$ cat target_23.cif   # mmCIF, C-alpha atoms
data_coords
#
loop_
_atom_site.group_PDB
_atom_site.id
_atom_site.type_symbol
_atom_site.label_atom_id
_atom_site.label_comp_id
_atom_site.auth_asym_id
_atom_site.auth_seq_id
_atom_site.Cartn_x
_atom_site.Cartn_y
_atom_site.Cartn_z
ATOM 1 C CA MET W 1 74.966 -126.120 -63.399
ATOM 2 C CA SER W 2 76.400 -123.051 -65.160
ATOM 3 C CA TRP W 3 74.528 -119.757 -65.577
ATOM 4 C CA PHE W 4 74.209 -120.433 -69.296
ATOM 5 C CA SER W 5 72.535 -123.813 -68.627
ATOM 6 C CA HIS W 6 70.056 -122.080 -66.343
ATOM 7 C CA ILE W 7 69.182 -119.593 -69.093
ATOM 8 C CA VAL W 8 68.782 -122.385 -71.668
ATOM 9 C CA ASP W 9 66.447 -124.360 -69.377
ATOM 10 C CA TYR W 10 64.425 -121.225 -68.636
ATOM 11 C CA CYS W 11 64.000 -120.357 -72.327
ATOM 12 C CA LEU W 12 63.024 -123.940 -73.191
ATOM 13 C CA LYS W 13 60.344 -123.891 -70.503
ATOM 14 C CA LEU W 14 58.928 -120.692 -72.010
ATOM 15 C CA GLY W 15 58.975 -122.253 -75.464
ATOM 16 C CA TYR W 16 61.647 -119.953 -76.925
ATOM 17 C CA PRO W 17 63.958 -121.404 -79.594
ATOM 18 C CA VAL W 18 67.545 -121.705 -78.439
ATOM 19 C CA GLN W 19 70.560 -121.568 -80.735
ATOM 20 C CA MET W 20 73.483 -123.756 -79.645
ATOM 21 C CA PRO W 21 76.840 -123.855 -81.442
ATOM 22 C CA GLN W 22 77.048 -126.528 -84.117
ATOM 23 C CA PRO W 23 79.962 -128.995 -84.278
ATOM 24 C CA GLY W 24 82.931 -127.164 -85.723
ATOM 25 C CA GLN W 25 81.218 -123.761 -85.534
ATOM 26 C CA HIS W 26 83.526 -120.979 -84.385
ATOM 27 C CA ILE W 27 82.082 -118.488 -81.910
ATOM 28 C CA SER W 28 83.924 -115.246 -82.567
ATOM 29 C CA ALA W 29 85.066 -112.793 -79.929
ATOM 30 C CA TYR W 30 86.711 -109.409 -80.332
ATOM 31 C CA PRO W 31 89.432 -109.534 -83.031
ATOM 32 C CA VAL W 32 92.889 -109.721 -81.517
ATOM 33 C CA GLN W 33 94.099 -106.922 -83.791
ATOM 34 C CA GLY W 34 90.929 -104.848 -83.462
ATOM 35 C CA TYR W 35 88.866 -103.727 -86.443
ATOM 36 C CA GLY W 36 89.617 -102.110 -89.755
ATOM 37 C CA VAL W 37 92.879 -103.581 -91.047
ATOM 38 C CA PRO W 38 93.866 -101.457 -94.089
ATOM 39 C CA GLY W 39 93.268 -103.163 -97.402
ATOM 40 C CA GLN W 40 91.316 -105.999 -95.846
ATOM 41 C CA VAL W 41 87.552 -106.112 -96.353
ATOM 42 C CA PRO W 42 85.851 -108.284 -93.717
ATOM 43 C CA PRO W 43 83.781 -111.100 -95.199
ATOM 44 C CA SER W 44 80.026 -110.857 -94.992
ATOM 45 C CA ALA W 45 78.844 -112.934 -92.083
ATOM 46 C CA GLY W 46 75.352 -114.025 -91.179
ATOM 47 C CA LEU W 47 73.636 -116.500 -88.898
ATOM 48 C CA GLN W 48 74.235 -120.206 -89.357
ATOM 49 C CA PRO W 49 71.642 -122.327 -91.231
ATOM 50 C CA GLY W 50 68.604 -123.034 -89.118
ATOM 51 C CA ASN W 51 68.428 -119.529 -87.629
ATOM 52 C CA HIS W 52 66.508 -116.459 -88.712
ATOM 53 C CA PRO W 53 68.699 -115.161 -91.574
ATOM 54 C CA PRO W 54 69.661 -111.496 -91.463
ATOM 55 C CA PRO W 55 68.336 -109.296 -94.259
ATOM 56 C CA VAL W 56 70.534 -108.281 -97.156
ATOM 57 C CA GLN W 57 71.955 -104.912 -96.116
ATOM 58 C CA THR W 58 74.658 -102.603 -97.338
ATOM 59 C CA VAL W 59 76.593 -99.872 -95.595
ATOM 60 C CA ARG W 60 74.966 -96.556 -96.448
ATOM 61 C CA ASP W 61 76.537 -93.133 -96.761
ATOM 62 C CA HIS W 62 73.581 -91.633 -94.910
ATOM 63 C CA CYS W 63 71.197 -92.852 -92.240
ATOM 64 C CA VAL W 64 67.733 -93.968 -93.280
ATOM 65 C CA SER W 65 64.994 -92.184 -91.365
ATOM 66 C CA PRO W 66 61.675 -93.969 -90.697
ATOM 67 C CA SER W 67 59.915 -91.056 -92.419
ATOM 68 C CA SER W 68 62.091 -91.405 -95.530
ATOM 69 C CA SER W 69 60.476 -92.545 -98.768
ATOM 70 C CA GLN W 70 63.419 -94.890 -99.249
ATOM 71 C CA THR W 71 62.512 -98.528 -98.608
ATOM 72 C CA SER W 72 64.124 -99.822 -95.431
ATOM 73 C CA LEU W 73 65.535 -103.313 -95.150
ATOM 74 C CA ALA W 74 65.505 -103.594 -91.360
ATOM 75 C CA PRO W 75 63.717 -106.710 -90.115
ATOM 76 C CA ALA W 76 60.765 -106.534 -87.768
ATOM 77 C CA VAL W 77 61.624 -107.165 -84.126
ATOM 78 C CA PRO W 78 61.576 -110.953 -83.735
ATOM 79 C CA PRO W 79 60.563 -113.002 -80.688
ATOM 80 C CA PRO W 80 63.374 -113.681 -78.172
ATOM 81 C CA VAL W 81 65.928 -116.199 -79.440
ATOM 82 C CA LEU W 82 68.885 -117.108 -77.257
ATOM 83 C CA LEU W 83 72.124 -117.115 -79.259
ATOM 84 C CA PHE W 84 75.268 -118.654 -77.863
ATOM 85 C CA GLY W 85 77.950 -116.046 -77.119
ATOM 86 C CA VAL W 86 75.497 -113.102 -77.307
ATOM 87 C CA PRO W 87 74.553 -111.262 -74.082
ATOM 88 C CA PRO W 88 70.881 -111.976 -73.231
ATOM 89 C CA GLY W 89 68.580 -109.371 -74.733
ATOM 90 C CA LEU W 90 70.978 -108.288 -77.513
ATOM 91 C CA GLU W 91 70.092 -111.005 -80.023
ATOM 92 C CA TYR W 92 68.367 -108.540 -82.350
ATOM 93 C CA PHE W 93 71.669 -106.691 -82.823
ATOM 94 C CA THR W 94 72.876 -109.626 -84.948
ATOM 95 C CA GLN W 95 70.373 -108.692 -87.685
ATOM 96 C CA ILE W 96 70.878 -104.928 -88.089
ATOM 97 C CA ASP W 97 73.573 -102.535 -89.245
ATOM 98 C CA GLN W 98 71.919 -99.305 -88.088
ATOM 99 C CA ILE W 99 70.050 -98.003 -85.059
ATOM 100 C CA LEU W 100 68.289 -94.696 -84.476
ATOM 101 C CA ILE W 101 68.276 -92.893 -81.130
ATOM 102 C CA HIS W 102 65.675 -90.273 -80.260
ATOM 103 C CA GLN W 103 65.992 -88.342 -77.028
ATOM 104 C CA LYS W 104 62.690 -87.627 -75.336
ATOM 105 C CA ILE W 105 61.713 -83.960 -75.415
ATOM 106 C CA GLU W 106 63.359 -81.901 -72.697
ATOM 107 C CA LEU W 107 62.297 -78.251 -72.551
ATOM 108 C CA LEU W 108 64.994 -75.571 -72.268
ATOM 109 C CA THR W 109 64.202 -74.327 -68.756
ATOM 110 C CA GLY W 110 67.801 -74.191 -67.493
ATOM 111 C CA PHE W 111 67.019 -77.158 -65.222
ATOM 112 C CA GLU W 112 68.558 -80.435 -66.377
ATOM 113 C CA THR W 113 66.471 -83.584 -65.861
ATOM 114 C CA ASN W 114 67.487 -87.219 -66.267
ATOM 115 C CA ASN W 115 67.993 -87.964 -69.971
ATOM 116 C CA GLN W 116 65.733 -90.546 -71.597
ATOM 117 C CA TYR W 117 66.090 -92.095 -75.056
ATOM 118 C CA GLU W 118 64.105 -94.294 -77.425
ATOM 119 C CA ILE W 119 66.305 -96.709 -79.395
ATOM 120 C CA LYS W 120 64.753 -97.854 -82.690
ATOM 121 C CA ASN W 121 65.515 -99.792 -85.826
ATOM 122 C CA SER W 122 65.524 -98.087 -89.229
ATOM 123 C CA ILE W 123 61.758 -98.533 -89.706
ATOM 124 C CA GLY W 124 60.995 -96.793 -86.430
ATOM 125 C CA GLN W 125 60.214 -99.775 -84.209
ATOM 126 C CA GLU W 126 61.383 -99.248 -80.653
ATOM 127 C CA ILE W 127 63.739 -102.033 -79.598
ATOM 128 C CA TYR W 128 65.185 -100.564 -76.383
ATOM 129 C CA HIS W 129 64.720 -97.560 -74.145
ATOM 130 C CA ALA W 130 67.329 -95.876 -71.971
ATOM 131 C CA LYS W 131 66.979 -93.793 -68.821
ATOM 132 C CA GLU W 132 69.664 -91.925 -66.931
ATOM 133 C CA ASP W 133 70.015 -92.296 -63.169
ATOM 134 C CA SER W 134 71.956 -89.452 -61.544
ATOM 135 C CA ASP W 135 71.821 -87.099 -58.573
ATOM 136 C CA CYS W 136 69.694 -84.022 -59.322
ATOM 137 C CA PHE W 137 71.989 -81.587 -57.499
ATOM 138 C CA ILE W 138 75.210 -82.946 -59.063
ATOM 139 C CA ARG W 139 73.600 -83.066 -62.514
ATOM 140 C CA ASN W 140 72.603 -79.402 -62.424
ATOM 141 C CA LEU W 141 75.759 -78.215 -60.673
ATOM 142 C CA PHE W 142 78.312 -79.788 -63.025
ATOM 143 C CA GLY W 143 76.280 -80.164 -66.234
ATOM 144 C CA PRO W 144 77.835 -82.466 -68.882
ATOM 145 C CA ALA W 145 80.668 -83.442 -66.499
ATOM 146 C CA HIS W 146 78.339 -85.151 -64.003
ATOM 147 C CA GLY W 147 78.560 -88.856 -63.272
ATOM 148 C CA PHE W 148 75.629 -91.159 -63.936
ATOM 149 C CA LYS W 149 74.309 -94.638 -64.555
ATOM 150 C CA MET W 150 72.283 -95.354 -67.680
ATOM 151 C CA HIS W 151 69.826 -98.244 -67.663
ATOM 152 C CA ILE W 152 68.945 -99.665 -71.092
ATOM 153 C CA LYS W 153 65.951 -102.021 -71.138
ATOM 154 C CA ASP W 154 64.150 -104.048 -73.771
ATOM 155 C CA ASN W 155 60.434 -104.016 -74.520
ATOM 156 C CA MET W 156 59.838 -106.542 -71.734
ATOM 157 C CA ASP W 157 61.373 -104.025 -69.287
ATOM 158 C CA GLN W 158 64.385 -106.284 -68.711
ATOM 159 C CA GLU W 159 67.675 -104.425 -68.283
ATOM 160 C CA VAL W 160 70.117 -105.609 -70.953
ATOM 161 C CA ILE W 161 72.831 -102.905 -70.900
ATOM 162 C CA GLN W 162 74.092 -100.660 -68.121
ATOM 163 C CA LEU W 163 76.437 -97.690 -68.507
ATOM 164 C CA HIS W 164 78.601 -96.320 -65.686
ATOM 165 C CA ARG W 165 80.239 -92.907 -65.963
ATOM 166 C CA PRO W 166 82.292 -91.523 -63.042
ATOM 167 C CA MET W 167 82.358 -87.752 -62.572
ATOM 168 C CA ARG W 168 85.625 -86.281 -63.845
ATOM 169 C CA CYS W 169 86.853 -82.847 -64.807
ATOM 170 C CA PHE W 170 89.125 -84.073 -67.617
ATOM 171 C CA LEU W 171 89.418 -87.057 -69.976
ATOM 172 C CA GLN W 172 85.986 -88.556 -69.463
ATOM 173 C CA GLU W 173 85.237 -92.253 -69.747
ATOM 174 C CA ILE W 174 82.296 -94.631 -69.576
ATOM 175 C CA GLU W 175 82.028 -98.337 -68.766
ATOM 176 C CA VAL W 176 79.610 -100.587 -70.671
ATOM 177 C CA GLN W 177 78.121 -103.711 -69.105
ATOM 178 C CA ALA W 178 75.955 -106.334 -70.843
ATOM 179 C CA PRO W 179 74.284 -107.943 -69.027
ATOM 180 C CA PRO W 180 74.560 -105.625 -65.983
ATOM 181 C CA GLY W 181 77.552 -106.697 -63.917
ATOM 182 C CA VAL W 182 79.541 -108.052 -66.884
ATOM 183 C CA ILE W 183 81.954 -105.502 -68.405
ATOM 184 C CA ILE W 184 82.161 -105.716 -72.194
ATOM 185 C CA GLY W 185 84.092 -102.529 -72.946
ATOM 186 C CA TYR W 186 85.044 -98.938 -72.218
ATOM 187 C CA VAL W 187 84.882 -95.635 -74.075
ATOM 188 C CA LYS W 188 87.666 -93.224 -73.077
ATOM 189 C CA GLN W 189 88.262 -89.658 -74.183
ATOM 190 C CA GLU W 190 91.679 -88.870 -75.654
ATOM 191 C CA TRP W 191 93.731 -85.756 -75.054
ATOM 192 C CA SER W 192 93.202 -83.818 -78.296
ATOM 193 C CA PHE W 193 91.880 -80.569 -79.761
ATOM 194 C CA LEU W 194 89.398 -82.728 -81.673
ATOM 195 C CA PRO W 195 86.669 -84.848 -80.080
ATOM 196 C CA LYS W 196 88.514 -88.184 -79.977
ATOM 197 C CA PHE W 197 87.681 -91.380 -78.125
ATOM 198 C CA THR W 198 89.186 -94.843 -77.811
ATOM 199 C CA ILE W 199 86.999 -97.937 -77.524
ATOM 200 C CA LEU W 200 88.567 -100.686 -75.448
ATOM 201 C CA GLY W 201 87.608 -104.251 -74.701
ATOM 202 C CA PRO W 202 87.029 -105.637 -71.194
ATOM 203 C CA ASN W 203 90.782 -106.141 -70.726
ATOM 204 C CA ASN W 204 91.568 -102.578 -71.861
ATOM 205 C CA GLU W 205 92.712 -103.702 -75.315
ATOM 206 C CA VAL W 206 92.291 -101.022 -77.989
ATOM 207 C CA LEU W 207 89.663 -102.037 -80.564
ATOM 208 C CA LEU W 208 88.288 -98.910 -82.246
ATOM 209 C CA LYS W 209 88.745 -95.145 -82.452
ATOM 210 C CA ILE W 210 86.115 -92.403 -82.742
ATOM 211 C CA GLN W 211 86.888 -88.968 -84.158
ATOM 212 C CA GLY W 212 84.531 -86.015 -84.435
ATOM 213 C CA PRO W 213 84.792 -82.674 -86.265
ATOM 214 C CA PHE W 214 86.812 -79.726 -84.994
ATOM 215 C CA LEU W 215 83.639 -77.837 -84.069
ATOM 216 C CA PRO W 216 80.875 -80.356 -83.198
ATOM 217 C CA PHE W 217 78.344 -77.576 -82.635
ATOM 218 C CA LYS W 218 77.430 -76.335 -86.133
ATOM 219 C CA CYS W 219 73.921 -74.939 -86.419
ATOM 220 C CA CYS W 220 72.804 -76.690 -89.589
ATOM 221 C CA GLY W 221 73.555 -80.040 -91.136
ATOM 222 C CA ASP W 222 74.429 -83.393 -89.622
ATOM 223 C CA ILE W 223 77.491 -83.884 -87.430
ATOM 224 C CA ASP W 224 79.501 -87.061 -88.062
ATOM 225 C CA PHE W 225 81.727 -88.909 -85.611
ATOM 226 C CA GLU W 226 83.703 -91.446 -87.639
ATOM 227 C CA VAL W 227 84.356 -94.893 -86.168
ATOM 228 C CA LYS W 228 87.757 -96.173 -87.302
ATOM 229 C CA GLY W 229 89.885 -99.248 -86.832
ATOM 230 C CA ASN W 230 92.813 -99.076 -84.448
ATOM 231 C CA ILE W 231 95.166 -99.794 -87.374
ATOM 232 C CA GLY W 232 95.190 -97.154 -90.089
ATOM 233 C CA GLU W 233 92.387 -94.721 -90.855
ATOM 234 C CA GLN W 234 89.824 -97.034 -92.435
ATOM 235 C CA SER W 235 86.282 -96.073 -91.408
ATOM 236 C CA VAL W 236 84.198 -98.998 -90.150
ATOM 237 C CA GLY W 237 81.152 -97.096 -88.938
ATOM 238 C CA ARG W 238 79.677 -93.720 -88.073
ATOM 239 C CA ILE W 239 77.786 -91.970 -85.279
ATOM 240 C CA THR W 240 75.729 -89.112 -86.719
ATOM 241 C CA LYS W 241 74.072 -86.294 -84.782
ATOM 242 C CA GLN W 242 71.108 -85.466 -86.982
ATOM 243 C CA ARG W 243 69.916 -81.928 -87.521
ATOM 244 C CA SER W 244 66.879 -80.772 -85.547
ATOM 245 C CA GLY W 245 64.292 -78.327 -86.828
ATOM 246 C CA LEU W 246 64.667 -74.654 -85.876
ATOM 247 C CA LEU W 247 61.533 -74.601 -83.698
ATOM 248 C CA LYS W 248 62.544 -77.779 -81.917
ATOM 249 C CA LYS W 249 66.018 -76.383 -81.208
ATOM 250 C CA CYS W 250 64.480 -73.237 -79.718
ATOM 251 C CA ILE W 251 62.316 -75.060 -77.167
ATOM 252 C CA SER W 252 64.286 -78.246 -76.505
ATOM 253 C CA ASP W 253 67.778 -79.715 -76.470
ATOM 254 C CA ALA W 254 66.529 -83.199 -77.442
ATOM 255 C CA SER W 255 68.915 -84.987 -79.814
ATOM 256 C CA ASN W 256 68.513 -87.451 -82.669
ATOM 257 C CA PHE W 257 71.354 -89.819 -83.552
ATOM 258 C CA CYS W 258 72.022 -92.582 -86.038
ATOM 259 C CA ILE W 259 74.661 -95.284 -85.528
ATOM 260 C CA GLN W 260 75.945 -97.298 -88.494
ATOM 261 C CA PHE W 261 78.197 -100.342 -88.203
ATOM 262 C CA PRO W 262 79.004 -103.500 -90.208
ATOM 263 C CA LEU W 263 76.296 -106.143 -90.056
ATOM 264 C CA ASP W 264 78.825 -108.758 -88.931
ATOM 265 C CA MET W 265 80.407 -106.629 -86.196
ATOM 266 C CA ASP W 266 80.531 -108.334 -82.799
ATOM 267 C CA VAL W 267 77.252 -107.742 -80.936
ATOM 268 C CA LYS W 268 79.076 -106.606 -77.802
ATOM 269 C CA MET W 269 80.944 -104.006 -79.852
ATOM 270 C CA LYS W 270 77.640 -102.718 -81.250
ATOM 271 C CA ALA W 271 76.445 -102.310 -77.663
ATOM 272 C CA VAL W 272 79.621 -100.382 -76.773
ATOM 273 C CA LEU W 273 79.032 -98.059 -79.745
ATOM 274 C CA LEU W 274 75.510 -97.437 -78.437
ATOM 275 C CA GLY W 275 77.046 -96.454 -75.097
ATOM 276 C CA ALA W 276 79.541 -94.210 -76.907
ATOM 277 C CA CYS W 277 76.703 -92.410 -78.704
ATOM 278 C CA LEU W 278 74.826 -91.628 -75.471
ATOM 279 C CA PHE W 279 78.140 -90.580 -73.902
ATOM 280 C CA ILE W 280 78.839 -88.161 -76.781
ATOM 281 C CA ASP W 281 75.345 -86.674 -76.562
ATOM 282 C CA ILE W 282 75.664 -85.826 -72.875
ATOM 283 C CA MET W 283 79.225 -84.511 -73.260
ATOM 284 C CA PHE W 284 78.686 -82.218 -76.257
ATOM 285 C CA PHE W 285 74.987 -81.549 -76.753
ATOM 286 C CA ASP W 286 73.382 -81.208 -73.315
ATOM 287 C CA LYS W 287 72.626 -77.519 -72.787
ATOM 288 C CA GLY W 288 71.219 -77.569 -69.245
ATOM 289 C CA GLY W 289 72.970 -77.651 -65.881
ATOM 290 C CA ASN W 290 76.451 -76.113 -65.485
ATOM 291 C CA LEU W 291 75.334 -74.207 -62.390
ATOM 292 C CA PHE W 292 78.936 -74.400 -61.154
ATOM 293 C CA LEU W 293 80.239 -72.457 -64.189
ATOM 294 C CA LYS W 294 77.408 -69.954 -63.944
ATOM 295 C CA LEU W 295 78.269 -69.284 -60.296
ATOM 296 C CA LEU W 296 81.939 -68.776 -61.222
ATOM 297 C CA ARG W 297 81.030 -66.260 -63.936
ATOM 298 C CA ALA W 298 78.731 -64.372 -61.551
ATOM 299 C CA SER W 299 81.360 -64.114 -58.805
#
$ encode --input "target_23.cif" --output "structure tokens"
Amino acid sequence: MSWFSHIVDYCLKLGYPVQMPQPGQHISAYPVQGYGVPGQVPPSAGLQPGNHPPPVQTVRDHCVSPSSSQTSLAPAVPPPVLLFGVPPGLEYFTQIDQILIHQKIELLTGFETNNQYEIKNSIGQEIYHAKEDSDCFIRNLFGPAHGFKMHIKDNMDQEVIQLHRPMRCFLQEIEVQAPPGVIIGYVKQEWSFLPKFTILGPNNEVLLKIQGPFLPFKCCGDIDFEVKGNIGEQSVGRITKQRSGLLKKCISDASNFCIQFPLDMDVKMKAVLLGACLFIDIMFFDKGGNLFLKLLRAS
């Protein structure tokens, strides 16, 4: 019996509804030519009849904050539903086009602790939480260049995504697994004066590009990292570092991010973009650690 059959039997025993592919239904994988073909608008795609339909959503120019007076269209977190072709635990990603990431408060003491994040939908419901696992000495010695694992779990404390980042001095990269042990993509830094990254599939095929501003450290205003197709310059999404209040910036380096992507984007690609966001935060916005550089300056 295959692993998928085991999961189906387990969910049926627990009474969870299980979605199986219908006759003639096409289960999509990563597009062969990547995303964002110029002049071609992808059709709106939703779940097949008989499933929980996704809400009507549109791509916004700006992220919707839970505290905003603007009405949010994000659905409430549903009970677990196993969808064919979707990594277990990521089914909710099929219904949303935006996620919010809030880093837990970390005081500016000069000592870098393991990063922790709350991952929420646009109405502020927590759907996942992430916790870094790295060596304390290496983390504080090398700062943003340190290697780590990141464990992302759902509200039932089941690990659904795992990030692996080796320690490197140049051209950083991160590996995304969902479920843990199954590689679904990579995020690799490009050689450039701008913050640029390439998103690759499990076979190292180029799928997306990410480009940030020339100076991703401005004091006020949001900082956008555009997600673009590998053909042309058409934007298909955005990772936004949201501005923190002055008092919060003085006592903490905690970050807030928003990720926007097409509703019908492949769920595995949404998970890779989540990994890219956490990767960008640690690379550019962590202020602690760097003991190695401090020792060099003092010598």
$ residues_around --input "target_23.cif" --residues "Leu171 (chain W)" --least-positions-apart "2" --cutoff "7 Å" --atoms "only C-alpha atoms" --output "PDB file with C-alpha atoms, in the coordinates of the input"
ATOM      1  CA  GLU W 173      85.237 -92.253 -69.747  1.00  0.00           C
ATOM      2  CA  GLN W 189      88.262 -89.658 -74.183  1.00  0.00           C
ATOM      3  CA  GLU W 190      91.679 -88.870 -75.654  1.00  0.00           C
ATOM      4  CA  TRP W 191      93.731 -85.756 -75.054  1.00  0.00           C
TER       5      TRP W 191
END
$ resolve_selection --input "target_23.cif" --expression "the PyMOL selection byres ((chain W and resi 182) around 12)" --output "JSON, numbers by chain"
{"W": [87, 88, 160, 161, 162, 163, 164, 175, 176, 177, 178, 179, 180, 181, 183, 184, 185, 186, 201, 202, 268]}
$ atom_distance --input "target_23.cif" --atom1 "CA of Val187 (chain W)" --atom2 "CA of Gly275 (chain W)"
7.9 Å
$ resolve_selection --input "target_23.cif" --expression "the PyMOL selection byres ((chain W and resi 96-102) around 7)" --output "list in words"
Ala74, Phe93, Thr94, Gln95, Gln103, Lys104, Tyr117, Glu118, Ile119, Lys120, Asn121, Ser122, Ser255, Asn256, Phe257, Cys258, Ile259, Gln260, Phe261, Pro262 and Leu263 of chain W
$ atom_distance --input "target_23.cif" --atom1 "CA of Gln116 (chain W)" --atom2 "CA of His129 (chain W)"
7.5 Å
